[in-house]
>>> print(open('start-v6.cif').read())   # mmCIF, N, CA and C atoms
data_start
loop_
_atom_site.label_atom_id
_atom_site.label_comp_id
_atom_site.auth_asym_id
_atom_site.auth_seq_id
_atom_site.Cartn_x
_atom_site.Cartn_y
_atom_site.Cartn_z
N MET Y 25 -40.05 -15.58 -17.13
CA MET Y 25 -39.36 -14.85 -16.08
C MET Y 25 -40.36 -14.22 -15.10
N VAL Y 26 -41.39 -13.60 -15.64
CA VAL Y 26 -42.36 -12.93 -14.79
C VAL Y 26 -43.07 -13.94 -13.89
N ASP Y 27 -43.46 -15.08 -14.45
CA ASP Y 27 -44.16 -16.09 -13.64
C ASP Y 27 -43.27 -16.62 -12.52
N GLN Y 28 -41.98 -16.81 -12.81
CA GLN Y 28 -41.05 -17.30 -11.78
C GLN Y 28 -40.89 -16.25 -10.68
N ALA Y 29 -40.76 -14.99 -11.06
CA ALA Y 29 -40.61 -13.92 -10.08
C ALA Y 29 -41.87 -13.81 -9.21
N LYS Y 30 -43.05 -13.85 -9.85
CA LYS Y 30 -44.30 -13.75 -9.09
C LYS Y 30 -44.45 -14.91 -8.12
N ALA Y 31 -44.12 -16.11 -8.58
CA ALA Y 31 -44.24 -17.29 -7.71
C ALA Y 31 -43.33 -17.14 -6.49
N ASP Y 32 -42.12 -16.64 -6.69
CA ASP Y 32 -41.19 -16.45 -5.57
C ASP Y 32 -41.73 -15.42 -4.59
N LEU Y 33 -42.22 -14.29 -5.10
CA LEU Y 33 -42.71 -13.24 -4.21
C LEU Y 33 -43.94 -13.69 -3.44
N ILE Y 34 -44.84 -14.39 -4.09
CA ILE Y 34 -46.04 -14.91 -3.43
C ILE Y 34 -45.64 -15.82 -2.27
N LYS Y 35 -44.66 -16.68 -2.52
CA LYS Y 35 -44.18 -17.60 -1.48
C LYS Y 35 -43.50 -16.83 -0.34
N ARG Y 36 -42.65 -15.87 -0.69
CA ARG Y 36 -41.93 -15.07 0.32
C ARG Y 36 -42.88 -14.33 1.24
N LEU Y 37 -43.88 -13.69 0.62
CA LEU Y 37 -44.78 -12.84 1.40
C LEU Y 37 -45.97 -13.60 1.98
N GLY Y 38 -46.22 -14.79 1.46
CA GLY Y 38 -47.38 -15.56 1.92
C GLY Y 38 -48.69 -14.90 1.56
N VAL Y 39 -48.73 -14.34 0.34
CA VAL Y 39 -49.95 -13.65 -0.09
C VAL Y 39 -50.59 -14.39 -1.26
N ASP Y 40 -51.81 -14.00 -1.58
CA ASP Y 40 -52.53 -14.56 -2.71
C ASP Y 40 -51.98 -13.95 -4.00
N ALA Y 41 -52.02 -14.71 -5.08
CA ALA Y 41 -51.49 -14.24 -6.37
C ALA Y 41 -52.16 -12.95 -6.82
N ALA Y 42 -53.41 -12.74 -6.47
CA ALA Y 42 -54.14 -11.54 -6.87
C ALA Y 42 -53.58 -10.28 -6.22
N GLN Y 43 -52.80 -10.45 -5.15
CA GLN Y 43 -52.22 -9.30 -4.44
C GLN Y 43 -50.89 -8.85 -5.04
N VAL Y 44 -50.39 -9.56 -6.03
CA VAL Y 44 -49.11 -9.22 -6.67
C VAL Y 44 -49.37 -8.76 -8.10
N SER Y 45 -48.91 -7.56 -8.42
CA SER Y 45 -49.09 -7.06 -9.78
C SER Y 45 -47.73 -6.78 -10.42
N VAL Y 46 -47.70 -6.83 -11.75
CA VAL Y 46 -46.49 -6.56 -12.51
C VAL Y 46 -46.44 -5.07 -12.84
N VAL Y 47 -45.40 -4.40 -12.37
CA VAL Y 47 -45.20 -2.98 -12.68
C VAL Y 47 -44.51 -2.86 -14.03
N SER Y 48 -43.46 -3.67 -14.23
CA SER Y 48 -42.74 -3.66 -15.50
C SER Y 48 -41.92 -4.93 -15.64
N SER Y 49 -41.59 -5.25 -16.86
CA SER Y 49 -40.70 -6.37 -17.17
C SER Y 49 -40.02 -6.03 -18.47
N GLU Y 50 -38.69 -5.98 -18.45
CA GLU Y 50 -37.96 -5.57 -19.65
C GLU Y 50 -36.64 -6.30 -19.79
N GLU Y 51 -36.23 -6.47 -21.04
CA GLU Y 51 -34.91 -7.02 -21.31
C GLU Y 51 -33.91 -5.91 -21.09
N VAL Y 52 -32.81 -6.24 -20.44
CA VAL Y 52 -31.77 -5.26 -20.13
C VAL Y 52 -30.39 -5.87 -20.37
N THR Y 53 -29.38 -5.02 -20.36
CA THR Y 53 -28.00 -5.49 -20.40
C THR Y 53 -27.34 -5.03 -19.11
N TRP Y 54 -26.94 -6.01 -18.30
CA TRP Y 54 -26.30 -5.70 -17.03
C TRP Y 54 -24.83 -5.37 -17.29
N PRO Y 55 -24.23 -4.45 -16.53
CA PRO Y 55 -22.84 -4.04 -16.77
C PRO Y 55 -21.79 -5.08 -16.35
N ASP Y 56 -22.21 -6.06 -15.52
CA ASP Y 56 -21.26 -7.08 -15.08
C ASP Y 56 -22.01 -8.30 -14.54
N GLY Y 57 -21.28 -9.27 -14.04
CA GLY Y 57 -21.86 -10.51 -13.56
C GLY Y 57 -22.69 -10.39 -12.29
N SER Y 58 -22.74 -9.21 -11.67
CA SER Y 58 -23.58 -9.03 -10.48
C SER Y 58 -25.06 -8.92 -10.87
N LEU Y 59 -25.34 -8.76 -12.14
CA LEU Y 59 -26.70 -8.63 -12.66
C LEU Y 59 -27.46 -7.49 -11.99
N GLY Y 60 -26.72 -6.39 -11.73
CA GLY Y 60 -27.36 -5.22 -11.14
C GLY Y 60 -27.66 -5.35 -9.67
N CYS Y 61 -27.06 -6.34 -9.03
CA CYS Y 61 -27.32 -6.57 -7.61
C CYS Y 61 -26.02 -6.98 -6.90
N PRO Y 62 -25.03 -6.08 -6.89
CA PRO Y 62 -23.74 -6.44 -6.30
C PRO Y 62 -23.81 -6.62 -4.78
N GLU Y 63 -23.06 -7.58 -4.30
CA GLU Y 63 -22.95 -7.82 -2.86
C GLU Y 63 -21.56 -7.39 -2.40
N PRO Y 64 -21.46 -6.72 -1.25
CA PRO Y 64 -20.16 -6.28 -0.75
C PRO Y 64 -19.18 -7.44 -0.62
N GLY Y 65 -17.95 -7.21 -1.04
CA GLY Y 65 -16.91 -8.21 -0.91
C GLY Y 65 -16.87 -9.26 -2.00
N MET Y 66 -17.83 -9.24 -2.90
CA MET Y 66 -17.88 -10.22 -3.99
C MET Y 66 -17.20 -9.65 -5.23
N ARG Y 67 -16.65 -10.54 -6.05
CA ARG Y 67 -16.07 -10.15 -7.33
C ARG Y 67 -16.94 -10.72 -8.44
N TYR Y 68 -17.05 -9.97 -9.52
CA TYR Y 68 -17.92 -10.37 -10.61
C TYR Y 68 -17.20 -10.24 -11.94
N THR Y 69 -17.64 -11.05 -12.91
CA THR Y 69 -17.08 -10.94 -14.25
C THR Y 69 -17.35 -9.53 -14.77
N GLN Y 70 -16.39 -8.98 -15.48
CA GLN Y 70 -16.52 -7.63 -16.01
C GLN Y 70 -16.86 -7.70 -17.49
N ALA Y 71 -18.04 -8.18 -17.77
CA ALA Y 71 -18.54 -8.29 -19.14
C ALA Y 71 -20.03 -7.98 -19.14
N LEU Y 72 -20.51 -7.46 -20.24
CA LEU Y 72 -21.93 -7.18 -20.37
C LEU Y 72 -22.70 -8.49 -20.36
N VAL Y 73 -23.82 -8.52 -19.63
CA VAL Y 73 -24.63 -9.73 -19.51
C VAL Y 73 -26.07 -9.40 -19.89
N PRO Y 74 -26.61 -10.03 -20.95
CA PRO Y 74 -28.01 -9.80 -21.28
C PRO Y 74 -28.91 -10.46 -20.23
N GLY Y 75 -30.00 -9.79 -19.90
CA GLY Y 75 -30.88 -10.35 -18.88
C GLY Y 75 -32.23 -9.67 -18.87
N ASN Y 76 -32.89 -9.74 -17.71
CA ASN Y 76 -34.23 -9.22 -17.55
C ASN Y 76 -34.36 -8.58 -16.18
N ARG Y 77 -35.17 -7.52 -16.12
CA ARG Y 77 -35.52 -6.91 -14.84
C ARG Y 77 -37.04 -6.84 -14.77
N THR Y 78 -37.59 -7.43 -13.74
CA THR Y 78 -39.03 -7.42 -13.52
C THR Y 78 -39.31 -6.74 -12.19
N VAL Y 79 -40.21 -5.78 -12.21
CA VAL Y 79 -40.60 -5.08 -10.98
C VAL Y 79 -42.04 -5.48 -10.66
N LEU Y 80 -42.22 -6.00 -9.45
CA LEU Y 80 -43.54 -6.42 -8.97
C LEU Y 80 -43.96 -5.52 -7.83
N GLU Y 81 -45.27 -5.46 -7.58
CA GLU Y 81 -45.78 -4.67 -6.47
C GLU Y 81 -46.75 -5.50 -5.65
N ALA Y 82 -46.62 -5.39 -4.34
CA ALA Y 82 -47.53 -6.07 -3.41
C ALA Y 82 -47.62 -5.23 -2.15
N GLY Y 83 -48.82 -4.96 -1.72
CA GLY Y 83 -49.01 -4.18 -0.49
C GLY Y 83 -48.43 -2.80 -0.56
N GLY Y 84 -48.40 -2.20 -1.75
CA GLY Y 84 -47.87 -0.85 -1.89
C GLY Y 84 -46.36 -0.76 -1.96
N LYS Y 85 -45.67 -1.88 -1.94
CA LYS Y 85 -44.21 -1.90 -2.00
C LYS Y 85 -43.76 -2.57 -3.30
N GLN Y 86 -42.69 -2.04 -3.90
CA GLN Y 86 -42.17 -2.62 -5.13
C GLN Y 86 -40.97 -3.53 -4.85
N TYR Y 87 -40.87 -4.59 -5.65
CA TYR Y 87 -39.82 -5.59 -5.51
C TYR Y 87 -39.16 -5.80 -6.88
N SER Y 88 -37.84 -5.73 -6.92
CA SER Y 88 -37.10 -5.85 -8.17
C SER Y 88 -36.48 -7.24 -8.29
N TYR Y 89 -36.81 -7.92 -9.39
CA TYR Y 89 -36.25 -9.24 -9.67
C TYR Y 89 -35.33 -9.13 -10.88
N HIS Y 90 -34.12 -9.66 -10.74
CA HIS Y 90 -33.13 -9.61 -11.81
C HIS Y 90 -32.80 -11.03 -12.28
N SER Y 91 -32.45 -11.15 -13.54
CA SER Y 91 -31.98 -12.42 -14.07
C SER Y 91 -31.01 -12.12 -15.21
N GLY Y 92 -30.24 -13.13 -15.57
CA GLY Y 92 -29.30 -12.96 -16.68
C GLY Y 92 -28.40 -14.16 -16.79
N GLY Y 93 -27.83 -14.34 -17.97
CA GLY Y 93 -26.99 -15.51 -18.18
C GLY Y 93 -27.83 -16.75 -17.95
N HIS Y 94 -27.36 -17.63 -17.08
CA HIS Y 94 -28.10 -18.86 -16.77
C HIS Y 94 -28.80 -18.76 -15.43
N ARG Y 95 -28.83 -17.57 -14.83
CA ARG Y 95 -29.43 -17.40 -13.50
C ARG Y 95 -30.91 -17.05 -13.60
N ALA Y 96 -31.72 -17.79 -12.86
CA ALA Y 96 -33.16 -17.56 -12.79
C ALA Y 96 -33.43 -16.25 -12.06
N PRO Y 97 -34.62 -15.69 -12.18
CA PRO Y 97 -34.94 -14.44 -11.48
C PRO Y 97 -34.75 -14.57 -9.97
N PHE Y 98 -34.16 -13.54 -9.39
CA PHE Y 98 -33.95 -13.51 -7.94
C PHE Y 98 -34.29 -12.12 -7.43
N LEU Y 99 -34.72 -12.04 -6.18
CA LEU Y 99 -35.07 -10.77 -5.57
C LEU Y 99 -33.79 -9.99 -5.27
N CYS Y 100 -33.73 -8.76 -5.74
CA CYS Y 100 -32.59 -7.89 -5.49
C CYS Y 100 -33.02 -6.80 -4.52
N GLU Y 101 -32.42 -6.81 -3.33
CA GLU Y 101 -32.80 -5.86 -2.27
C GLU Y 101 -32.33 -4.43 -2.57
N GLN Y 102 -31.16 -4.27 -3.20
CA GLN Y 102 -30.62 -2.95 -3.51
C GLN Y 102 -30.21 -2.90 -4.98
N PRO Y 103 -31.19 -2.76 -5.87
CA PRO Y 103 -30.92 -2.82 -7.31
C PRO Y 103 -30.09 -1.66 -7.84
N GLN Y 104 -29.23 -1.98 -8.81
CA GLN Y 104 -28.43 -1.00 -9.53
C GLN Y 104 -28.99 -0.93 -10.96
N PRO Y 105 -28.83 0.19 -11.63
CA PRO Y 105 -29.38 0.32 -12.99
C PRO Y 105 -28.60 -0.50 -14.02
N PRO Y 106 -29.31 -0.99 -15.06
CA PRO Y 106 -28.64 -1.70 -16.15
C PRO Y 106 -27.92 -0.72 -17.06
N THR Y 107 -27.15 -1.25 -18.01
CA THR Y 107 -26.40 -0.42 -18.94
C THR Y 107 -27.32 0.26 -19.94
N ARG Y 108 -28.31 -0.43 -20.43
CA ARG Y 108 -29.25 -0.02 -21.47
C ARG Y 108 -28.66 -0.26 -22.79
#
>>> encode(input="start-v6.cif", output="C-alpha coordinates")
Amino acid sequence: MVDQAKADLIKRLGVDAAQVSVVSSEEVTWPDGSLGCPEPGMRYTQALVPGNRTVLEAGGKQYSYHSGGHRAPFLCEQPQPPTR
(Lines of atoms letter the chains of each structure in order from A and count residues from 1; the text may use other names and numbers.)
(Lines give C-alpha, C1' and ligand atoms only; values in the text may rest on other atoms or scores of the structure.)
Protein backbone atom coordinates (compact mmCIF):
# COMPACT_ATOMS: atom_id res chain seq x y z
CA MET A 1 0.00 0.00 0.00
CA VAL A 2 2.74 2.44 0.94
CA ASP A 3 4.69 1.83 -2.28
CA GLN A 4 1.55 2.37 -4.40
CA ALA A 5 0.73 5.60 -2.57
CA LYS A 6 4.31 6.89 -2.89
CA ALA A 7 4.43 6.07 -6.60
CA ASP A 8 1.18 7.97 -7.17
CA LEU A 9 2.33 11.04 -5.24
CA ILE A 10 5.72 11.10 -6.99
CA LYS A 11 3.94 11.02 -10.35
CA ARG A 12 1.38 13.67 -9.31
CA LEU A 13 3.96 16.10 -8.00
CA GLY A 14 6.71 15.29 -10.49
CA VAL A 15 9.27 14.96 -7.72
CA ASP A 16 12.10 12.56 -6.95
CA ALA A 17 11.31 9.61 -4.65
CA ALA A 18 13.77 10.97 -2.08
CA GLN A 19 11.51 14.02 -1.62
CA VAL A 20 8.57 11.91 -0.38
CA SER A 21 8.61 10.53 3.14
CA VAL A 22 6.18 8.30 5.03
CA VAL A 23 4.64 10.01 8.05
CA SER A 24 2.45 7.05 9.02
CA SER A 25 0.75 3.96 7.66
CA GLU A 26 -1.85 2.07 9.65
CA GLU A 27 -4.65 -0.42 9.31
CA VAL A 28 -8.00 1.21 10.03
CA THR A 29 -11.71 0.46 9.91
CA TRP A 30 -13.63 2.96 7.81
CA PRO A 31 -17.21 3.73 8.95
CA ASP A 32 -18.68 3.27 5.45
CA GLY A 33 -17.92 2.69 1.77
CA SER A 34 -16.55 6.22 1.32
CA LEU A 35 -13.32 4.97 2.94
CA GLY A 36 -13.04 8.18 4.93
CA CYS A 37 -13.23 10.34 1.83
CA PRO A 38 -16.90 11.13 1.12
CA GLU A 39 -17.82 13.12 -1.97
CA PRO A 40 -20.87 15.43 -1.94
CA GLY A 41 -23.95 13.89 -3.53
CA MET A 42 -22.60 10.33 -3.44
CA ARG A 43 -24.17 7.42 -1.55
CA TYR A 44 -22.06 4.78 0.15
CA THR A 45 -22.59 1.38 1.70
CA GLN A 46 -23.28 1.70 5.41
CA ALA A 47 -20.99 -1.03 6.66
CA LEU A 48 -17.62 -1.08 8.35
CA VAL A 49 -14.80 -1.51 5.82
CA PRO A 50 -11.30 -2.65 6.83
CA GLY A 51 -8.58 -0.68 5.10
CA ASN A 52 -5.44 1.39 5.37
CA ARG A 53 -4.53 5.05 5.79
CA THR A 54 -1.09 6.21 4.71
CA VAL A 55 0.11 9.76 5.26
CA LEU A 56 2.98 10.99 3.10
CA GLU A 57 4.89 14.25 3.20
CA ALA A 58 6.52 16.18 0.36
CA GLY A 59 7.64 19.79 0.32
CA GLY A 60 6.34 20.37 3.84
CA LYS A 61 2.79 19.32 2.95
CA GLN A 62 1.04 16.12 4.05
CA TYR A 63 -1.03 13.91 1.75
CA SER A 64 -3.52 11.30 2.97
CA TYR A 65 -4.00 8.08 0.98
CA HIS A 66 -6.91 5.80 1.80
CA SER A 67 -7.68 2.24 0.71
CA GLY A 68 -10.11 -0.48 1.67
CA GLY A 69 -12.10 -3.37 0.34
CA HIS A 70 -10.84 -3.96 -3.19
CA ARG A 71 -9.87 -0.31 -3.78
CA ALA A 72 -6.20 0.57 -4.22
CA PRO A 73 -4.76 3.57 -2.34
CA PHE A 74 -6.08 6.91 -3.57
CA LEU A 75 -5.36 10.50 -2.61
CA CYS A 76 -8.05 11.91 -0.33
CA GLU A 77 -8.22 15.71 -0.45
CA GLN A 78 -10.53 16.08 2.60
CA PRO A 79 -9.97 13.05 4.85
CA GLN A 80 -12.42 11.97 7.55
CA PRO A 81 -11.32 9.95 10.59
CA PRO A 82 -11.67 6.14 10.68
CA THR A 83 -13.79 4.32 13.25
CA ARG A 84 -10.81 2.75 15.07
>>> select_by_dssp(input="start-v6.cif", residues="chain Y", states="strand (DSSP E)", output="MDAnalysis selection string")
chainID Y and resid 44:54 73:82 85:92 95:100
>>> residues_near_point(input="start-v6.cif", point="(-27.4, -9.1, -20.7)", cutoff="9 Å", atoms="only C-alpha atoms", output="PyMOL selection string")
chain Y and resi 51-56+59+72-76+91-93+106-107
>>> resolve_selection(input="start-v6.cif", expression="the PyMOL selection byres (((chain Y and resi 33 and name CA) around 12) and name CA)", output="VMD selection string")
chain Y and resid 26 to 32 34 to 46 78 to 83 85 to 89 97 to 100
>>> closest_residue(input="start-v6.cif", among="Y:Tyr68, Y:Gly60, Y:His90, Y:Met25", to="Pro103 in chain Y", atoms="all atoms listed in the file")
Y:Gly60
>>> atom_distance(input="start-v6.cif", atom1="CA of Glu63 in chain Y", atom2="CA of Gln104 in chain Y")
11.0 Å
>>> atom_distance(input="start-v6.cif", atom1="atom N of Val47 in chain Y", atom2="atom C of Gly84 in chain Y")
11.1 Å
>>> atom_distance(input="start-v6.cif", atom1="atom N of Arg77 in chain Y", atom2="CA of Ser49 in chain Y")
5.7 Å
>>> axis_aligned_box(input="start-v6.cif", around="range 92-108 of chain Y", padding_each_side="5 Å", output="JSON")
{"center_x": -30.7, "center_y": -9.3, "center_z": -12.5, "size_x": 18.7, "size_y": 29.2, "size_z": 30.5}
>>> decode(input="start-v6.cif", residues="range 33-63 of chain Y", atoms="N, CA, C and O atoms", output="PDB file, in the first residue's frame")
ATOM      1  N   LEU Y  33       1.997   9.671  -5.624  1.00  0.00           N
ATOM      2  CA  LEU Y  33       2.334  11.040  -5.238  1.00  0.00           C
ATOM      3  C   LEU Y  33       3.540  11.556  -6.015  1.00  0.00           C
ATOM      4  O   LEU Y  33       3.562  12.703  -6.457  1.00  0.00           O
ATOM      5  N   ILE Y  34       4.539  10.721  -6.210  1.00  0.00           N
ATOM      6  CA  ILE Y  34       5.720  11.103  -6.987  1.00  0.00           C
ATOM      7  C   ILE Y  34       5.309  11.510  -8.399  1.00  0.00           C
ATOM      8  O   ILE Y  34       5.750  12.527  -8.929  1.00  0.00           O
ATOM      9  N   LYS Y  35       4.422  10.720  -8.991  1.00  0.00           N
ATOM     10  CA  LYS Y  35       3.937  11.017 -10.347  1.00  0.00           C
ATOM     11  C   LYS Y  35       3.119  12.315 -10.363  1.00  0.00           C
ATOM     12  O   LYS Y  35       3.301  13.161 -11.239  1.00  0.00           O
ATOM     13  N   ARG Y  36       2.225  12.474  -9.392  1.00  0.00           N
ATOM     14  CA  ARG Y  36       1.377  13.674  -9.314  1.00  0.00           C
ATOM     15  C   ARG Y  36       2.197  14.949  -9.193  1.00  0.00           C
ATOM     16  O   ARG Y  36       1.899  15.963  -9.826  1.00  0.00           O
ATOM     17  N   LEU Y  37       3.183  14.899  -8.290  1.00  0.00           N
ATOM     18  CA  LEU Y  37       3.958  16.102  -8.003  1.00  0.00           C
ATOM     19  C   LEU Y  37       5.156  16.284  -8.926  1.00  0.00           C
ATOM     20  O   LEU Y  37       5.736  17.370  -8.967  1.00  0.00           O
ATOM     21  N   GLY Y  38       5.537  15.219  -9.616  1.00  0.00           N
ATOM     22  CA  GLY Y  38       6.710  15.287 -10.488  1.00  0.00           C
ATOM     23  C   GLY Y  38       7.993  15.493  -9.709  1.00  0.00           C
ATOM     24  O   GLY Y  38       8.854  16.263 -10.123  1.00  0.00           O
ATOM     25  N   VAL Y  39       8.080  14.810  -8.560  1.00  0.00           N
ATOM     26  CA  VAL Y  39       9.267  14.957  -7.717  1.00  0.00           C
ATOM     27  C   VAL Y  39      10.047  13.647  -7.661  1.00  0.00           C
ATOM     28  O   VAL Y  39       9.561  12.595  -8.064  1.00  0.00           O
ATOM     29  N   ASP Y  40      11.255  13.726  -7.132  1.00  0.00           N
ATOM     30  CA  ASP Y  40      12.097  12.556  -6.947  1.00  0.00           C
ATOM     31  C   ASP Y  40      11.594  11.775  -5.731  1.00  0.00           C
ATOM     32  O   ASP Y  40      11.082  12.362  -4.770  1.00  0.00           O
ATOM     33  N   ALA Y  41      11.768  10.467  -5.748  1.00  0.00           N
ATOM     34  CA  ALA Y  41      11.307   9.607  -4.652  1.00  0.00           C
ATOM     35  C   ALA Y  41      11.899  10.028  -3.315  1.00  0.00           C
ATOM     36  O   ALA Y  41      11.253   9.895  -2.272  1.00  0.00           O
ATOM     37  N   ALA Y  42      13.107  10.556  -3.312  1.00  0.00           N
ATOM     38  CA  ALA Y  42      13.766  10.972  -2.080  1.00  0.00           C
ATOM     39  C   ALA Y  42      13.064  12.156  -1.409  1.00  0.00           C
ATOM     40  O   ALA Y  42      13.267  12.414  -0.224  1.00  0.00           O
ATOM     41  N   GLN Y  43      12.221  12.857  -2.166  1.00  0.00           N
ATOM     42  CA  GLN Y  43      11.509  14.024  -1.624  1.00  0.00           C
ATOM     43  C   GLN Y  43      10.191  13.643  -0.948  1.00  0.00           C
ATOM     44  O   GLN Y  43       9.524  14.506  -0.388  1.00  0.00           O
ATOM     45  N   VAL Y  44       9.821  12.373  -0.996  1.00  0.00           N
ATOM     46  CA  VAL Y  44       8.570  11.910  -0.385  1.00  0.00           C
ATOM     47  C   VAL Y  44       8.902  11.011   0.798  1.00  0.00           C
ATOM     48  O   VAL Y  44       9.641  10.045   0.653  1.00  0.00           O
ATOM     49  N   SER Y  45       8.367  11.359   1.964  1.00  0.00           N
ATOM     50  CA  SER Y  45       8.607  10.532   3.145  1.00  0.00           C
ATOM     51  C   SER Y  45       7.278  10.027   3.707  1.00  0.00           C
ATOM     52  O   SER Y  45       6.229  10.635   3.514  1.00  0.00           O
ATOM     53  N   VAL Y  46       7.354   8.902   4.409  1.00  0.00           N
ATOM     54  CA  VAL Y  46       6.180   8.296   5.028  1.00  0.00           C
ATOM     55  C   VAL Y  46       6.042   8.840   6.445  1.00  0.00           C
ATOM     56  O   VAL Y  46       6.951   8.681   7.265  1.00  0.00           O
ATOM     57  N   VAL Y  47       4.924   9.496   6.719  1.00  0.00           N
ATOM     58  CA  VAL Y  47       4.641  10.011   8.054  1.00  0.00           C
ATOM     59  C   VAL Y  47       4.041   8.892   8.898  1.00  0.00           C
ATOM     60  O   VAL Y  47       4.431   8.674  10.035  1.00  0.00           O
ATOM     61  N   SER Y  48       3.073   8.166   8.318  1.00  0.00           N
ATOM     62  CA  SER Y  48       2.448   7.052   9.020  1.00  0.00           C
ATOM     63  C   SER Y  48       1.742   6.145   8.025  1.00  0.00           C
ATOM     64  O   SER Y  48       1.399   6.561   6.921  1.00  0.00           O
ATOM     65  N   SER Y  49       1.531   4.919   8.437  1.00  0.00           N
ATOM     66  CA  SER Y  49       0.748   3.959   7.660  1.00  0.00           C
ATOM     67  C   SER Y  49       0.143   2.998   8.661  1.00  0.00           C
ATOM     68  O   SER Y  49       0.870   2.381   9.446  1.00  0.00           O
ATOM     69  N   GLU Y  50      -1.186   2.906   8.661  1.00  0.00           N
ATOM     70  CA  GLU Y  50      -1.852   2.074   9.654  1.00  0.00           C
ATOM     71  C   GLU Y  50      -3.103   1.415   9.095  1.00  0.00           C
ATOM     72  O   GLU Y  50      -3.746   1.951   8.196  1.00  0.00           O
ATOM     73  N   GLU Y  51      -3.399   0.243   9.643  1.00  0.00           N
ATOM     74  CA  GLU Y  51      -4.648  -0.423   9.311  1.00  0.00           C
ATOM     75  C   GLU Y  51      -5.748   0.279  10.085  1.00  0.00           C
ATOM     76  O   GLU Y  51      -5.568   0.622  11.256  1.00  0.00           O
ATOM     77  N   VAL Y  52      -6.869   0.515   9.417  1.00  0.00           N
ATOM     78  CA  VAL Y  52      -7.998   1.208  10.031  1.00  0.00           C
ATOM     79  C   VAL Y  52      -9.301   0.521   9.629  1.00  0.00           C
ATOM     80  O   VAL Y  52      -9.320  -0.307   8.718  1.00  0.00           O
ATOM     81  N   THR Y  53     -10.373   0.899  10.305  1.00  0.00           N
ATOM     82  CA  THR Y  53     -11.708   0.459   9.907  1.00  0.00           C
ATOM     83  C   THR Y  53     -12.493   1.711   9.549  1.00  0.00           C
ATOM     84  O   THR Y  53     -12.718   2.580  10.395  1.00  0.00           O
ATOM     85  N   TRP Y  54     -12.872   1.803   8.276  1.00  0.00           N
ATOM     86  CA  TRP Y  54     -13.631   2.957   7.806  1.00  0.00           C
ATOM     87  C   TRP Y  54     -15.100   2.764   8.189  1.00  0.00           C
ATOM     88  O   TRP Y  54     -15.611   1.651   8.161  1.00  0.00           O
ATOM     89  N   PRO Y  55     -15.822   3.848   8.514  1.00  0.00           N
ATOM     90  CA  PRO Y  55     -17.212   3.726   8.952  1.00  0.00           C
ATOM     91  C   PRO Y  55     -18.209   3.395   7.834  1.00  0.00           C
ATOM     92  O   PRO Y  55     -19.327   2.985   8.107  1.00  0.00           O
ATOM     93  N   ASP Y  56     -17.775   3.575   6.569  1.00  0.00           N
ATOM     94  CA  ASP Y  56     -18.677   3.270   5.449  1.00  0.00           C
ATOM     95  C   ASP Y  56     -17.871   3.117   4.159  1.00  0.00           C
ATOM     96  O   ASP Y  56     -16.643   3.194   4.181  1.00  0.00           O
ATOM     97  N   GLY Y  57     -18.560   2.916   3.058  1.00  0.00           N
ATOM     98  CA  GLY Y  57     -17.920   2.688   1.774  1.00  0.00           C
ATOM     99  C   GLY Y  57     -17.202   3.880   1.184  1.00  0.00           C
ATOM    100  O   GLY Y  57     -16.535   3.755   0.155  1.00  0.00           O
ATOM    101  N   SER Y  58     -17.288   5.053   1.818  1.00  0.00           N
ATOM    102  CA  SER Y  58     -16.549   6.220   1.316  1.00  0.00           C
ATOM    103  C   SER Y  58     -15.062   6.116   1.653  1.00  0.00           C
ATOM    104  O   SER Y  58     -14.257   6.896   1.139  1.00  0.00           O
ATOM    105  N   LEU Y  59     -14.703   5.187   2.506  1.00  0.00           N
ATOM    106  CA  LEU Y  59     -13.318   4.970   2.939  1.00  0.00           C
ATOM    107  C   LEU Y  59     -12.706   6.239   3.525  1.00  0.00           C
ATOM    108  O   LEU Y  59     -11.534   6.558   3.315  1.00  0.00           O
ATOM    109  N   GLY Y  60     -13.541   6.980   4.272  1.00  0.00           N
ATOM    110  CA  GLY Y  60     -13.044   8.184   4.926  1.00  0.00           C
ATOM    111  C   GLY Y  60     -12.844   9.359   4.005  1.00  0.00           C
ATOM    112  O   GLY Y  60     -12.200  10.337   4.369  1.00  0.00           O
ATOM    113  N   CYS Y  61     -13.409   9.275   2.811  1.00  0.00           N
ATOM    114  CA  CYS Y  61     -13.235  10.344   1.829  1.00  0.00           C
ATOM    115  C   CYS Y  61     -14.545  10.567   1.065  1.00  0.00           C
ATOM    116  O   CYS Y  61     -14.604  10.373  -0.156  1.00  0.00           O
ATOM    117  N   PRO Y  62     -15.602  10.972   1.779  1.00  0.00           N
ATOM    118  CA  PRO Y  62     -16.899  11.130   1.118  1.00  0.00           C
ATOM    119  C   PRO Y  62     -16.922  12.289   0.123  1.00  0.00           C
ATOM    120  O   PRO Y  62     -16.276  13.306   0.339  1.00  0.00           O
ATOM    121  N   GLU Y  63     -17.635  12.079  -0.961  1.00  0.00           N
ATOM    122  CA  GLU Y  63     -17.825  13.120  -1.967  1.00  0.00           C
ATOM    123  C   GLU Y  63     -19.272  13.586  -1.904  1.00  0.00           C
ATOM    124  O   GLU Y  63     -20.179  12.760  -1.774  1.00  0.00           O
TER     125      GLU Y  63
END
